[in-house]
$ cat structure_34.txt   # compact mmCIF, C-alpha atoms (C1' of nucleotides)
# COMPACT_ATOMS: atom_id res chain seq x y z
CA MET A 1 -14.27 76.24 25.64
CA ALA A 2 -11.78 78.53 27.26
CA VAL A 3 -10.46 78.26 30.78
CA GLN A 4 -9.60 81.88 31.56
CA GLY A 5 -10.25 81.74 35.29
CA GLU A 6 -7.78 79.87 37.41
CA GLU A 7 -8.05 76.69 39.47
CA HIS A 8 -10.75 74.63 37.82
CA GLY A 9 -10.80 72.59 34.65
CA ARG A 10 -8.90 69.62 33.33
CA ALA A 11 -5.59 68.58 34.79
CA ASP A 12 -3.56 69.21 31.67
CA ALA A 13 -5.08 72.65 31.29
CA LEU A 14 -3.91 73.54 34.78
CA ARG A 15 -0.47 72.15 34.00
CA ASN A 16 -0.29 74.22 30.87
CA ARG A 17 -1.43 77.33 32.65
CA ALA A 18 1.33 76.85 35.18
CA ALA A 19 3.86 76.23 32.42
CA LEU A 20 2.80 79.45 30.72
CA LEU A 21 3.22 81.40 33.94
CA ASP A 22 6.64 79.86 34.48
CA ALA A 23 7.77 80.67 30.98
CA ALA A 24 6.33 84.17 31.11
CA ALA A 25 8.05 84.91 34.40
CA ASP A 26 11.40 83.78 33.04
CA VAL A 27 11.12 85.39 29.63
CA LEU A 28 9.55 88.68 30.65
CA ALA A 29 11.89 89.19 33.58
CA VAL A 30 14.83 89.24 31.19
CA ALA A 31 13.14 90.75 28.10
CA PRO A 32 9.98 92.59 29.11
CA GLN A 33 9.19 93.47 25.51
CA ALA A 34 9.27 89.87 24.30
CA SER A 35 6.29 88.86 22.17
CA LEU A 36 3.66 86.53 23.56
CA SER A 37 4.62 84.15 20.80
CA GLU A 38 8.04 83.76 22.37
CA VAL A 39 6.47 83.14 25.74
CA ALA A 40 4.21 80.42 24.37
CA THR A 41 7.09 78.78 22.55
CA ARG A 42 9.23 78.81 25.68
CA ALA A 43 6.38 77.06 27.47
CA GLY A 44 6.31 74.46 24.72
CA LEU A 45 2.78 75.45 23.76
CA GLY A 46 1.02 77.16 20.90
CA ARG A 47 0.25 80.83 20.84
CA ALA A 48 -3.47 80.16 20.65
CA THR A 49 -3.30 78.26 23.90
CA LEU A 50 -1.75 81.20 25.63
CA TYR A 51 -4.66 83.36 24.51
CA ARG A 52 -7.08 80.72 25.76
CA HIS A 53 -5.64 81.14 29.24
CA PHE A 54 -4.88 84.84 29.27
CA GLU A 55 -6.94 87.46 27.48
CA ASN A 56 -3.96 89.64 26.58
CA ARG A 57 -0.55 90.77 27.64
CA ASP A 58 -1.77 92.76 30.61
CA ALA A 59 -3.85 89.89 31.87
CA LEU A 60 -0.81 87.67 31.70
CA ARG A 61 1.31 90.17 33.56
CA ALA A 62 -1.38 90.56 36.17
CA ALA A 63 -1.59 86.80 36.59
CA ILE A 64 2.16 86.58 37.08
CA ARG A 65 2.06 89.19 39.78
CA THR A 66 -0.93 87.60 41.46
CA GLU A 67 0.74 84.22 41.49
CA ALA A 68 4.01 85.63 42.77
CA LEU A 69 2.10 87.43 45.50
CA SER A 70 0.25 84.35 46.63
CA ARG A 71 3.40 82.26 46.62
CA ALA A 72 5.27 84.80 48.67
CA SER A 73 2.32 85.26 50.97
CA ALA A 74 1.93 81.53 51.57
CA ALA A 75 5.65 81.08 52.08
CA LEU A 76 5.84 83.82 54.70
CA ALA A 77 2.62 82.79 56.41
CA GLY A 78 3.93 79.26 56.87
CA ALA A 79 7.26 80.37 58.29
CA GLY A 80 6.00 81.23 61.75
CA LEU A 81 7.60 84.65 61.79
CA PRO A 82 5.54 86.08 64.67
CA GLU A 83 7.11 83.64 67.14
CA CYS A 84 10.70 84.45 66.15
CA ASP A 85 13.22 86.96 67.35
CA THR A 86 14.52 89.35 64.72
CA HIS A 87 17.50 87.38 63.54
CA GLU A 88 15.66 84.08 63.27
CA GLY A 89 12.68 85.76 61.61
CA ILE A 90 14.80 87.30 58.90
CA ARG A 91 16.67 84.05 58.44
CA ARG A 92 13.45 82.13 57.90
CA ALA A 93 11.98 84.76 55.62
CA ALA A 94 15.07 84.75 53.45
CA ALA A 95 15.10 80.97 53.39
CA VAL A 96 11.58 80.77 51.96
CA LEU A 97 11.75 83.83 49.66
CA VAL A 98 15.04 83.19 47.87
CA PRO A 99 13.80 79.90 46.34
CA LEU A 100 11.02 81.85 44.64
CA GLY A 101 13.73 83.16 42.33
CA MET A 102 12.42 85.12 39.38
CA ARG A 103 8.98 85.28 40.91
CA PHE A 104 10.35 87.21 43.83
CA ARG A 105 12.27 89.45 41.49
CA ILE A 106 9.10 90.25 39.60
CA LEU A 107 7.38 91.04 42.85
CA LEU A 108 9.90 93.77 43.48
CA THR A 109 10.43 95.22 40.03
CA GLU A 110 7.39 94.60 37.88
CA GLY A 111 5.05 97.56 37.86
CA ALA A 112 6.53 98.51 41.18
CA ASP A 113 6.79 102.12 40.17
CA ASN A 114 3.19 102.76 39.25
CA ASP A 115 0.39 100.27 39.98
CA GLU A 116 -1.15 101.34 43.25
CA ASP A 117 -3.30 98.29 43.98
CA PHE A 118 -0.38 95.99 43.40
CA LEU A 119 1.80 97.87 45.83
CA ALA A 120 -0.91 97.60 48.48
CA ALA A 121 -1.27 93.86 47.91
CA ARG A 122 2.46 93.43 48.03
CA ASN A 123 2.71 95.27 51.31
CA GLU A 124 0.03 93.01 52.71
CA ALA A 125 1.78 89.87 51.49
CA LEU A 126 5.10 90.98 52.91
CA GLU A 127 3.51 92.21 56.12
CA PRO A 128 4.80 89.33 58.30
CA LEU A 129 8.34 90.18 57.28
CA PHE A 130 7.76 93.86 57.72
CA GLY A 131 6.38 93.10 61.16
CA VAL A 132 9.67 91.47 62.09
CA LEU A 133 11.51 94.64 61.13
CA VAL A 134 9.13 96.90 63.02
CA ARG A 135 9.41 94.77 66.15
CA GLY A 136 13.16 94.61 65.79
CA VAL A 137 13.43 98.38 65.66
CA ALA A 138 11.00 98.76 68.58
CA ASN A 139 12.78 96.35 70.92
CA GLY A 140 16.28 97.39 69.96
CA GLU A 141 17.37 94.25 68.14
CA LEU A 142 17.76 96.56 65.14
CA SER A 143 18.99 100.13 65.28
CA ARG A 144 16.23 102.19 66.89
CA SER A 145 17.06 105.13 64.67
CA ALA A 146 16.41 103.24 61.42
CA ASN A 147 13.27 103.74 59.34
CA PRO A 148 11.58 100.33 58.95
CA ALA A 149 10.51 101.18 55.41
CA TRP A 150 14.09 101.84 54.44
CA LEU A 151 15.17 98.65 56.18
CA GLY A 152 12.57 96.77 54.20
CA LEU A 153 13.87 98.17 50.92
CA VAL A 154 17.44 97.24 51.78
CA LEU A 155 16.47 93.75 52.84
CA ALA A 156 14.52 93.34 49.62
CA GLY A 157 17.54 94.50 47.65
CA MET A 158 19.76 92.05 49.46
CA LEU A 159 17.33 89.23 48.81
CA MET A 160 17.27 90.11 45.11
CA SER A 161 21.03 90.02 45.11
CA ALA A 162 20.94 86.64 46.80
CA VAL A 163 18.59 85.36 44.10
CA ARG A 164 20.97 86.50 41.40
CA ALA A 165 24.04 85.26 43.23
CA ALA A 166 22.47 81.86 43.78
CA GLY A 167 21.48 81.74 40.11
CA ALA A 168 25.04 82.57 39.10
CA GLY A 169 26.47 79.91 41.39
CA LEU A 170 28.26 82.46 43.56
CA ILE A 171 26.72 81.22 46.75
CA ASP A 172 25.10 78.02 47.96
CA PRO A 173 21.33 78.46 47.54
CA ASP A 174 20.71 76.61 50.78
CA ARG A 175 22.93 79.02 52.66
CA ALA A 176 21.66 82.19 50.96
CA GLY A 177 19.09 82.84 53.66
CA ASP A 178 21.65 82.63 56.44
CA LEU A 179 24.12 84.84 54.62
CA VAL A 180 21.56 87.55 54.06
CA ALA A 181 20.14 87.36 57.56
CA ASN A 182 23.52 87.45 59.28
CA ALA A 183 24.73 90.37 57.21
CA PHE A 184 21.50 92.28 57.62
CA VAL A 185 21.25 91.88 61.36
CA SER A 186 24.83 92.84 62.02
CA GLY A 187 24.60 95.60 59.44
CA PHE A 188 21.57 97.20 61.04
CA GLY A 189 21.89 96.01 64.61
CA PRO A 190 22.33 98.43 67.51
CA ARG A 191 25.62 100.26 67.96
CA MET B 1 22.22 116.22 8.01
CA ALA B 2 22.15 113.63 10.72
CA VAL B 3 24.34 113.58 13.80
CA GLN B 4 24.37 109.91 14.72
CA GLY B 5 27.83 109.87 16.27
CA GLU B 6 28.25 111.48 19.66
CA GLU B 7 30.19 114.55 20.78
CA HIS B 8 30.44 116.78 17.72
CA GLY B 9 27.97 119.03 16.00
CA ARG B 10 25.91 122.02 16.97
CA ALA B 11 25.33 122.89 20.62
CA ASP B 12 21.56 122.44 20.52
CA ALA B 13 21.94 119.05 18.85
CA LEU B 14 24.11 117.89 21.72
CA ARG B 15 21.59 119.24 24.20
CA ASN B 16 18.81 117.38 22.47
CA ARG B 17 20.80 114.17 22.36
CA ALA B 18 21.34 114.42 26.09
CA ALA B 19 17.65 115.17 26.65
CA LEU B 20 16.73 112.09 24.62
CA LEU B 21 19.04 109.91 26.68
CA ASP B 22 17.62 111.34 29.89
CA ALA B 23 14.07 110.72 28.78
CA ALA B 24 14.84 107.27 27.49
CA ALA B 25 16.53 106.26 30.72
CA ASP B 26 13.57 107.41 32.77
CA VAL B 27 10.85 106.04 30.53
CA LEU B 28 12.43 102.72 29.63
CA ALA B 29 13.48 101.97 33.19
CA VAL B 30 9.85 102.01 34.24
CA ALA B 31 8.22 100.75 31.03
CA PRO B 32 10.76 98.91 28.90
CA GLN B 33 8.22 98.28 26.16
CA ALA B 34 7.35 101.96 25.74
CA SER B 35 7.34 103.18 22.14
CA LEU B 36 10.06 105.47 20.89
CA SER B 37 7.36 108.01 20.22
CA GLU B 38 6.71 108.22 23.95
CA VAL B 39 10.40 108.64 24.62
CA ALA B 40 10.67 111.50 22.14
CA THR B 41 7.59 113.19 23.57
CA ARG B 42 8.96 112.91 27.09
CA ALA B 43 12.12 114.59 25.85
CA GLY B 44 10.02 117.37 24.41
CA LEU B 45 11.18 116.53 20.90
CA GLY B 46 9.75 115.06 17.74
CA ARG B 47 10.00 111.41 16.85
CA ALA B 48 12.00 112.20 13.73
CA THR B 49 14.64 113.88 15.84
CA LEU B 50 15.06 110.78 17.92
CA TYR B 51 15.71 108.79 14.75
CA ARG B 52 18.21 111.40 13.61
CA HIS B 53 20.24 110.71 16.73
CA PHE B 54 19.70 106.98 17.16
CA GLU B 55 19.29 104.54 14.33
CA ASN B 56 16.78 102.35 16.13
CA ARG B 57 15.66 101.08 19.49
CA ASP B 58 18.70 98.90 20.05
CA ALA B 59 21.07 101.75 19.21
CA LEU B 60 19.25 103.90 21.75
CA ARG B 61 19.47 101.23 24.40
CA ALA B 62 23.13 100.72 23.68
CA ALA B 63 23.74 104.46 23.95
CA ILE B 64 22.00 104.56 27.32
CA ARG B 65 24.17 101.79 28.63
CA THR B 66 27.32 103.34 27.25
CA GLU B 67 26.51 106.66 28.80
CA ALA B 68 25.62 105.11 32.13
CA LEU B 69 28.87 103.21 32.07
CA SER B 70 30.98 106.26 31.35
CA ARG B 71 29.22 108.28 34.03
CA ALA B 72 29.74 105.59 36.62
CA SER B 73 33.29 105.07 35.51
CA ALA B 74 34.11 108.78 35.72
CA ALA B 75 32.40 109.12 39.07
CA LEU B 76 34.35 106.25 40.60
CA ALA B 77 37.64 107.27 39.00
CA GLY B 78 37.35 110.73 40.49
CA ALA B 79 36.54 109.49 43.97
CA GLY B 80 40.07 108.49 44.91
CA LEU B 81 39.10 105.05 46.08
CA PRO B 82 42.59 103.50 45.99
CA GLU B 83 43.78 105.78 48.81
CA CYS B 84 40.88 104.96 51.12
CA ASP B 85 40.32 102.36 53.77
CA THR B 86 37.36 100.08 53.20
CA HIS B 87 34.73 102.05 55.03
CA GLU B 88 35.65 105.38 53.53
CA GLY B 89 35.97 103.84 50.06
CA ILE B 90 32.49 102.40 50.19
CA ARG B 91 31.14 105.63 51.61
CA ARG B 92 32.61 107.64 48.75
CA ALA B 93 31.52 105.16 46.11
CA ALA B 94 27.97 105.19 47.39
CA ALA B 95 28.01 108.98 47.54
CA VAL B 96 28.88 109.31 43.86
CA LEU B 97 26.81 106.39 42.53
CA VAL B 98 23.47 107.04 44.21
CA PRO B 99 23.04 110.43 42.48
CA LEU B 100 23.21 108.62 39.14
CA GLY B 101 19.74 107.36 39.99
CA MET B 102 18.02 105.60 37.12
CA ARG B 103 21.26 105.42 35.18
CA PHE B 104 22.78 103.32 37.89
CA ARG B 105 19.70 101.15 38.01
CA ILE B 106 19.94 100.54 34.28
CA LEU B 107 23.57 99.62 34.70
CA LEU B 108 22.55 96.80 36.99
CA THR B 109 19.39 95.51 35.36
CA GLU B 110 19.39 96.33 31.66
CA GLY B 111 20.66 93.44 29.60
CA ALA B 112 22.45 92.31 32.69
CA ASP B 113 21.38 88.74 32.12
CA ASN B 114 22.68 88.25 28.61
CA ASP B 115 24.98 90.74 26.85
CA GLU B 116 28.51 89.53 27.42
CA ASP B 117 30.42 92.59 26.24
CA PHE B 118 28.34 94.83 28.39
CA LEU B 119 29.02 92.78 31.49
CA ALA B 120 32.73 92.96 30.81
CA ALA B 121 32.60 96.72 30.37
CA ARG B 122 30.57 97.07 33.52
CA ASN B 123 33.06 95.06 35.52
CA GLU B 124 35.80 97.31 34.24
CA ALA B 125 33.89 100.47 35.13
CA LEU B 126 33.10 99.21 38.62
CA GLU B 127 36.60 97.85 39.11
CA PRO B 128 37.72 100.59 41.55
CA LEU B 129 34.81 99.74 43.81
CA PHE B 130 35.41 96.04 43.43
CA GLY B 131 39.05 96.66 44.33
CA VAL B 132 37.96 98.19 47.62
CA LEU B 133 36.03 95.03 48.43
CA VAL B 134 38.88 92.73 47.46
CA ARG B 135 41.34 94.70 49.58
CA GLY B 136 38.89 94.78 52.44
CA VAL B 137 38.53 91.03 52.42
CA ALA B 138 42.27 90.56 52.10
CA ASN B 139 43.24 92.83 54.99
CA GLY B 140 40.42 91.75 57.26
CA GLU B 141 38.37 94.96 57.25
CA LEU B 142 35.65 92.78 55.75
CA SER B 143 34.96 89.20 56.68
CA ARG B 144 37.81 87.11 55.26
CA SER B 145 35.45 84.26 54.52
CA ALA B 146 33.22 86.32 52.20
CA ASN B 147 33.32 86.00 48.43
CA PRO B 148 34.05 89.47 46.99
CA ALA B 149 31.77 88.81 44.02
CA TRP B 150 28.89 88.10 46.37
CA LEU B 151 29.77 91.19 48.40
CA GLY B 152 29.69 93.21 45.20
CA LEU B 153 26.24 91.95 44.34
CA VAL B 154 24.91 92.76 47.77
CA LEU B 155 26.41 96.22 47.75
CA ALA B 156 24.91 96.82 44.32
CA GLY B 157 21.53 95.68 45.62
CA MET B 158 21.79 97.99 48.57
CA LEU B 159 22.75 100.90 46.35
CA MET B 160 19.74 100.20 44.13
CA SER B 161 17.58 100.19 47.22
CA ALA B 162 19.08 103.49 48.27
CA VAL B 163 18.27 104.96 44.85
CA ARG B 164 14.67 103.91 45.18
CA ALA B 165 14.41 104.96 48.80
CA ALA B 166 15.85 108.36 47.99
CA GLY B 167 13.44 108.69 45.08
CA ALA B 168 10.55 107.82 47.36
CA GLY B 169 11.64 110.30 49.97
CA LEU B 170 12.30 107.62 52.56
CA ILE B 171 15.83 108.77 53.20
CA ASP B 172 17.82 111.95 52.70
CA PRO B 173 19.64 111.61 49.36
CA ASP B 174 22.71 113.32 50.80
CA ARG B 175 22.88 110.78 53.60
CA ALA B 176 22.17 107.71 51.44
CA GLY B 177 25.84 107.01 50.85
CA ASP B 178 26.63 107.03 54.54
CA LEU B 179 23.67 104.85 55.42
CA VAL B 180 24.64 102.23 52.88
CA ALA B 181 28.31 102.29 53.74
CA ASN B 182 27.77 102.04 57.49
CA ALA B 183 25.31 99.20 57.15
CA PHE B 184 27.44 97.34 54.68
CA VAL B 185 30.66 97.57 56.63
CA SER B 186 29.12 96.52 59.91
CA GLY B 187 27.07 93.88 58.11
CA PHE B 188 30.07 92.27 56.49
CA GLY B 189 32.83 93.27 58.84
CA PRO B 190 34.89 90.73 60.78
CA ARG B 191 33.32 88.88 63.70
C1' DT C 1 23.56 138.44 8.64
C1' DA C 2 23.89 134.71 5.55
C1' DG C 3 24.29 129.95 5.07
C1' DA C 4 24.29 125.72 7.15
C1' DA C 5 22.71 122.62 10.52
C1' DG C 6 18.94 121.06 13.02
C1' DC C 7 14.18 120.83 13.90
C1' DG C 8 8.71 119.55 13.81
C1' DA C 9 5.06 117.89 11.55
C1' DG C 10 3.35 114.60 9.16
C1' DA C 11 2.85 111.39 5.03
C1' DC C 12 4.16 106.93 3.88
C1' DA C 13 5.32 101.88 3.16
C1' DT C 14 6.84 98.15 5.91
C1' DT C 15 6.83 95.14 9.39
C1' DA C 16 5.64 92.89 13.81
C1' DT C 17 2.32 91.99 17.09
C1' DT C 18 -2.12 91.34 18.53
C1' DG C 19 -6.43 89.16 19.06
C1' DT C 20 -10.00 86.12 16.88
C1' DC C 21 -11.40 82.30 14.53
C1' DT C 22 -11.78 77.49 12.45
C1' DC C 23 -10.93 72.71 12.06
C1' DA C 24 -8.68 68.50 12.64
C1' DT C 25 -6.43 65.96 16.31
C1' DT C 26 -5.07 64.59 20.88
C1' DT C 27 -5.95 63.83 25.69
C1' DG C 28 -8.16 63.23 30.11
C1' DG C 29 -11.96 61.86 33.22
C1' DG C 30 -16.24 59.65 34.26
C1' DC D 1 -14.66 53.46 26.05
C1' DC D 2 -16.56 57.55 24.79
C1' DC D 3 -17.52 62.38 24.93
C1' DA D 4 -16.15 66.77 26.27
C1' DA D 5 -12.32 69.50 27.00
C1' DA D 6 -8.09 71.15 25.38
C1' DT D 7 -4.68 71.71 21.99
C1' DG D 8 -1.84 72.97 17.47
C1' DA D 9 -1.47 74.83 13.31
C1' DG D 10 -2.42 78.34 10.78
C1' DA D 11 -5.52 81.80 8.30
C1' DC D 12 -7.02 86.32 9.00
C1' DA D 13 -8.06 91.38 9.90
C1' DA D 14 -6.82 95.05 12.80
C1' DT D 15 -3.69 97.60 15.12
C1' DA D 16 0.55 99.59 16.46
C1' DA D 17 5.31 100.45 16.00
C1' DT D 18 9.10 101.12 12.96
C1' DG D 19 12.00 103.41 9.85
C1' DT D 20 12.34 106.67 5.85
C1' DC D 21 11.39 110.71 3.59
C1' DT D 22 10.10 115.63 2.36
C1' DC D 23 9.16 120.36 3.19
C1' DG D 24 9.01 124.61 5.48
C1' DC D 25 10.65 126.83 9.58
C1' DT D 26 13.87 127.98 13.40
C1' DT D 27 18.21 128.42 15.50
C1' DC D 28 22.92 128.32 15.89
C1' DT D 29 27.53 129.89 14.32
C1' DA D 30 31.06 131.69 11.63

$ encode --input "structure_34.txt" --output "structure tokens"
Amino acid sequence: MAVQGEEHGRADALRNRAALLDAAADVLAVAPQASLSEVATRAGLGRATLYRHFENRDALRAAIRTEALSRASAALAGAGLPECDTHEGIRRAAAVLVPLGMRFRILLTEGADNDEDFLAARNEALEPLFGVLVRGVANGELSRSANPAWLGLVLAGMLMSAVRAAGAGLIDPDRAGDLVANAFVSGFGPR
Amino acid sequence: MAVQGEEHGRADALRNRAALLDAAADVLAVAPQASLSEVATRAGLGRATLYRHFENRDALRAAIRTEALSRASAALAGAGLPECDTHEGIRRAAAVLVPLGMRFRILLTEGADNDEDFLAARNEALEPLFGVLVRGVANGELSRSANPAWLGLVLAGMLMSAVRAAGAGLIDPDRAGDLVANAFVSGFGPR
DNA sequence: TAGAAGCGAGACATTATTGTCTCATTTGGG
DNA sequence: CCCAAATGAGACAATAATGTCTCGCTTCTA
């Protein structure tokens, strides 16, 4: 009957599950109190179908976060950050994270102030990027006096801004990564 | 009977109204779907009192935004930005905005993706800061090739990050303004 | 200190949302 | 081509939030 789990089942069911996650990410990012009925409608599906895929609101939210995490994790893992110097590493990270759009935004805002497990998983997913910052501070490509955690927060904030700016047409999405990386490295480089 | 308006009435009523706005800003920033009962409890007041001050949820949200706007506006207006060079202007702006904490965060996220009037009012409130950026680009203290709107978004993102970092104890709140300003100016300065 | 303004507690009807279920219909895969 | 899987529409009860109201008490303020 129901699907509930994740990556097994009929092809259309998987499509619909993905559509629901897309719609939920878009709708809930803007209006977190929106009803699940609105989410289903946005996805072009019936409310009952949403409940077939996600037990309740929390399960849906959890699934969004999980999916955003795995997307970000895969994107960073495939970017070859360990072999890069600081500037190139940040450039690549920005280039793969900005296209995640709302998903990335959710990663940084959703439940970010409470849920402990989620924060741990997020740190793990973003670890390759964090590693670039730590190495940069250690070898002097970034200011040695900076706290890497604070650098990470600022970079995340700048990436969020880039997502919004790209969405608003203020900057070229393909150039967003370079803009962020250049500004960040010269902003937090050594004297 | 009711108060409903804003700055008239008995002293304790004004106190309570402020407490409700404080509580609402804190609670709704973290959990936007929280019930108004929770908000009232957080404020240490009864639910009925909340309804005496704010007609409904939307009125409360509107009041939060209005208050955040006027605080930010007053803070920036009193900072003497027009007489500053770019670096000092950004330093001062950051110094007065970061202490607004959650209020500033709400200014940037709440309804930021839809409400047209609000966006206009926000632009007006932040105009002194935006003016610093425009002047900086024009006179070469910031990169002449940068789009001021994009610079504004990035600076806002960095300020948000500073608010969170200060809240998490990652940086000294009193130094947050300097950290942001220094990084921003060297990040987006001329070659 | 008296009267008015504000408050808490809670009852109450109303409404919206949630979560479950059924049944007829469509769709995909073997 | 056929059956199982998946869906839509909608009925339904249960729950939760909303908004209004009253009454007795407290706290300002003139």

$ atom_distance --input "structure_34.txt" --atom1 "CA of Asp85 in chain B" --atom2 "CA of Arg103 in chain B"
26.8 Å

$ atom_distance --input "structure_34.txt" --atom1 "C1' of DT26 in chain C" --atom2 "C1' of DC12 in chain D"
24.8 Å

$ atom_distance --input "structure_34.txt" --atom1 "CA of Pro99 in chain B" --atom2 "CA of Leu45 in chain B"
25.4 Å

$ residues_around --input "structure_34.txt" --residues "DT22 in chain D" --least-positions-apart "2" --cutoff "12 Å" --atoms "only C-alpha atoms (C1' of nucleotides)" --output "list in words"
DA9, DG10, DA11 and DC12 of chain C; DT20 and DG24 of chain D

$ interface_residues --input "structure_34.txt" --of "chain C" --to "chain B" --cutoff "10 Å" --atoms "only C-alpha atoms (C1' of nucleotides)" --output "ChimeraX atom specification"
/C:4-9

$ interface_residues --input "structure_34.txt" --of "chain D" --to "chain B" --cutoff "12 Å" --atoms "only C-alpha atoms (C1' of nucleotides)" --output "number ranges by chain"
D: 16-21, 26-29

$ closest_atom_pairs --input "structure_34.txt" --of "chain A" --to "chain B" --cutoff "10 Å" --atoms "only C-alpha atoms" --output "JSON lines"
{"residue": "A:Ala29", "atom": "CA", "partner": "B:Asp113", "partner_atom": "CA", "distance": 9.6}
{"residue": "A:Val30", "atom": "CA", "partner": "B:Asp113", "partner_atom": "CA", "distance": 6.6}
{"residue": "A:Ala31", "atom": "CA", "partner": "B:Gly111", "partner_atom": "CA", "distance": 8.1}
{"residue": "A:Pro32", "atom": "CA", "partner": "B:Pro32", "partner_atom": "CA", "distance": 6.4}
{"residue": "A:Gln33", "atom": "CA", "partner": "B:Gln33", "partner_atom": "CA", "distance": 4.9}
{"residue": "A:Ala34", "atom": "CA", "partner": "B:Gln33", "partner_atom": "CA", "distance": 8.7}
{"residue": "A:Thr109", "atom": "CA", "partner": "B:Val30", "partner_atom": "CA", "distance": 8.9}
{"residue": "A:Glu110", "atom": "CA", "partner": "B:Val30", "partner_atom": "CA", "distance": 8.6}
{"residue": "A:Gly111", "atom": "CA", "partner": "B:Val30", "partner_atom": "CA", "distance": 7.5}
{"residue": "A:Ala112", "atom": "CA", "partner": "B:Val30", "partner_atom": "CA", "distance": 8.5}
{"residue": "A:Asp113", "atom": "CA", "partner": "B:Val30", "partner_atom": "CA", "distance": 6.7}
{"residue": "A:Asn114", "atom": "CA", "partner": "B:Val30", "partner_atom": "CA", "distance": 8.4}
{"residue": "A:Ala146", "atom": "CA", "partner": "B:Leu179", "partner_atom": "CA", "distance": 9.6}
{"residue": "A:Asn147", "atom": "CA", "partner": "B:Leu170", "partner_atom": "CA", "distance": 7.9}
{"residue": "A:Pro148", "atom": "CA", "partner": "B:Leu170", "partner_atom": "CA", "distance": 9.7}
{"residue": "A:Ala149", "atom": "CA", "partner": "B:Leu170", "partner_atom": "CA", "distance": 7.3}
{"residue": "A:Trp150", "atom": "CA", "partner": "B:Leu170", "partner_atom": "CA", "distance": 6.3}
{"residue": "A:Leu151", "atom": "CA", "partner": "B:Ser161", "partner_atom": "CA", "distance": 9.4}
{"residue": "A:Gly152", "atom": "CA", "partner": "B:Ser161", "partner_atom": "CA", "distance": 9.2}
{"residue": "A:Leu153", "atom": "CA", "partner": "B:Ser161", "partner_atom": "CA", "distance": 5.6}
{"residue": "A:Val154", "atom": "CA", "partner": "B:Ser161", "partner_atom": "CA", "distance": 5.4}
{"residue": "A:Leu155", "atom": "CA", "partner": "B:Met158", "partner_atom": "CA", "distance": 8.0}
{"residue": "A:Ala156", "atom": "CA", "partner": "B:Ser161", "partner_atom": "CA", "distance": 7.9}
{"residue": "A:Gly157", "atom": "CA", "partner": "B:Gly157", "partner_atom": "CA", "distance": 4.6}
{"residue": "A:Met158", "atom": "CA", "partner": "B:Val154", "partner_atom": "CA", "distance": 5.5}
{"residue": "A:Leu159", "atom": "CA", "partner": "B:Gly157", "partner_atom": "CA", "distance": 8.3}
{"residue": "A:Met160", "atom": "CA", "partner": "B:Gly157", "partner_atom": "CA", "distance": 7.0}
{"residue": "A:Ser161", "atom": "CA", "partner": "B:Val154", "partner_atom": "CA", "distance": 5.4}
{"residue": "A:Ala162", "atom": "CA", "partner": "B:Val154", "partner_atom": "CA", "distance": 7.4}
{"residue": "A:Arg164", "atom": "CA", "partner": "B:Leu153", "partner_atom": "CA", "distance": 8.1}
{"residue": "A:Ala165", "atom": "CA", "partner": "B:Trp150", "partner_atom": "CA", "distance": 6.4}
{"residue": "A:Ala166", "atom": "CA", "partner": "B:Trp150", "partner_atom": "CA", "distance": 9.3}
{"residue": "A:Ala168", "atom": "CA", "partner": "B:Trp150", "partner_atom": "CA", "distance": 9.9}
{"residue": "A:Gly169", "atom": "CA", "partner": "B:Trp150", "partner_atom": "CA", "distance": 9.9}
{"residue": "A:Leu170", "atom": "CA", "partner": "B:Trp150", "partner_atom": "CA", "distance": 6.3}
{"residue": "A:Ile171", "atom": "CA", "partner": "B:Trp150", "partner_atom": "CA", "distance": 7.2}
{"residue": "A:Leu179", "atom": "CA", "partner": "B:Ala146", "partner_atom": "CA", "distance": 9.5}
{"residue": "A:Val180", "atom": "CA", "partner": "B:Val154", "partner_atom": "CA", "distance": 8.8}
{"residue": "A:Ala181", "atom": "CA", "partner": "B:Gly187", "partner_atom": "CA", "distance": 9.5}
{"residue": "A:Asn182", "atom": "CA", "partner": "B:Gly187", "partner_atom": "CA", "distance": 7.4}
{"residue": "A:Ala183", "atom": "CA", "partner": "B:Gly187", "partner_atom": "CA", "distance": 4.3}
{"residue": "A:Phe184", "atom": "CA", "partner": "B:Gly187", "partner_atom": "CA", "distance": 5.8}
{"residue": "A:Val185", "atom": "CA", "partner": "B:Gly187", "partner_atom": "CA", "distance": 7.0}
{"residue": "A:Ser186", "atom": "CA", "partner": "B:Gly187", "partner_atom": "CA", "distance": 4.6}
{"residue": "A:Gly187", "atom": "CA", "partner": "B:Gly187", "partner_atom": "CA", "distance": 3.3}
{"residue": "A:Phe188", "atom": "CA", "partner": "B:Ala183", "partner_atom": "CA", "distance": 5.8}
{"residue": "A:Gly189", "atom": "CA", "partner": "B:Gly187", "partner_atom": "CA", "distance": 8.6}
{"residue": "A:Arg191", "atom": "CA", "partner": "B:Ser186", "partner_atom": "CA", "distance": 9.5}

$ residues_around --input "structure_34.txt" --residues "Ala43 in chain A" --least-positions-apart "6" --cutoff "6 Å" --atoms "only C-alpha atoms (C1' of nucleotides)" --output "count of residues only"
3

$ residues_around --input "structure_34.txt" --residues "Ile106 in chain B" --least-positions-apart "4" --cutoff "12 Å" --atoms "all atoms listed in the file" --output "PyMOL selection string"
chain B and resi 22+24-30+32+61-69+72+100-102+110-112+118+122+156+160+163

$ residues_around --input "structure_34.txt" --residues "DC2 in chain D" --least-positions-apart "6" --cutoff "12 Å" --atoms "all atoms listed in the file" --output "PDB file with C-alpha atoms (C1' of nucleotides), in the frame of the given file"
ATOM      1  C1'  DG C  28      -8.160  63.230  30.110  1.00  0.00           C
ATOM      2  C1'  DG C  29     -11.960  61.860  33.220  1.00  0.00           C
ATOM      3  C1'  DG C  30     -16.240  59.650  34.260  1.00  0.00           C
TER       4       DG C  30
END
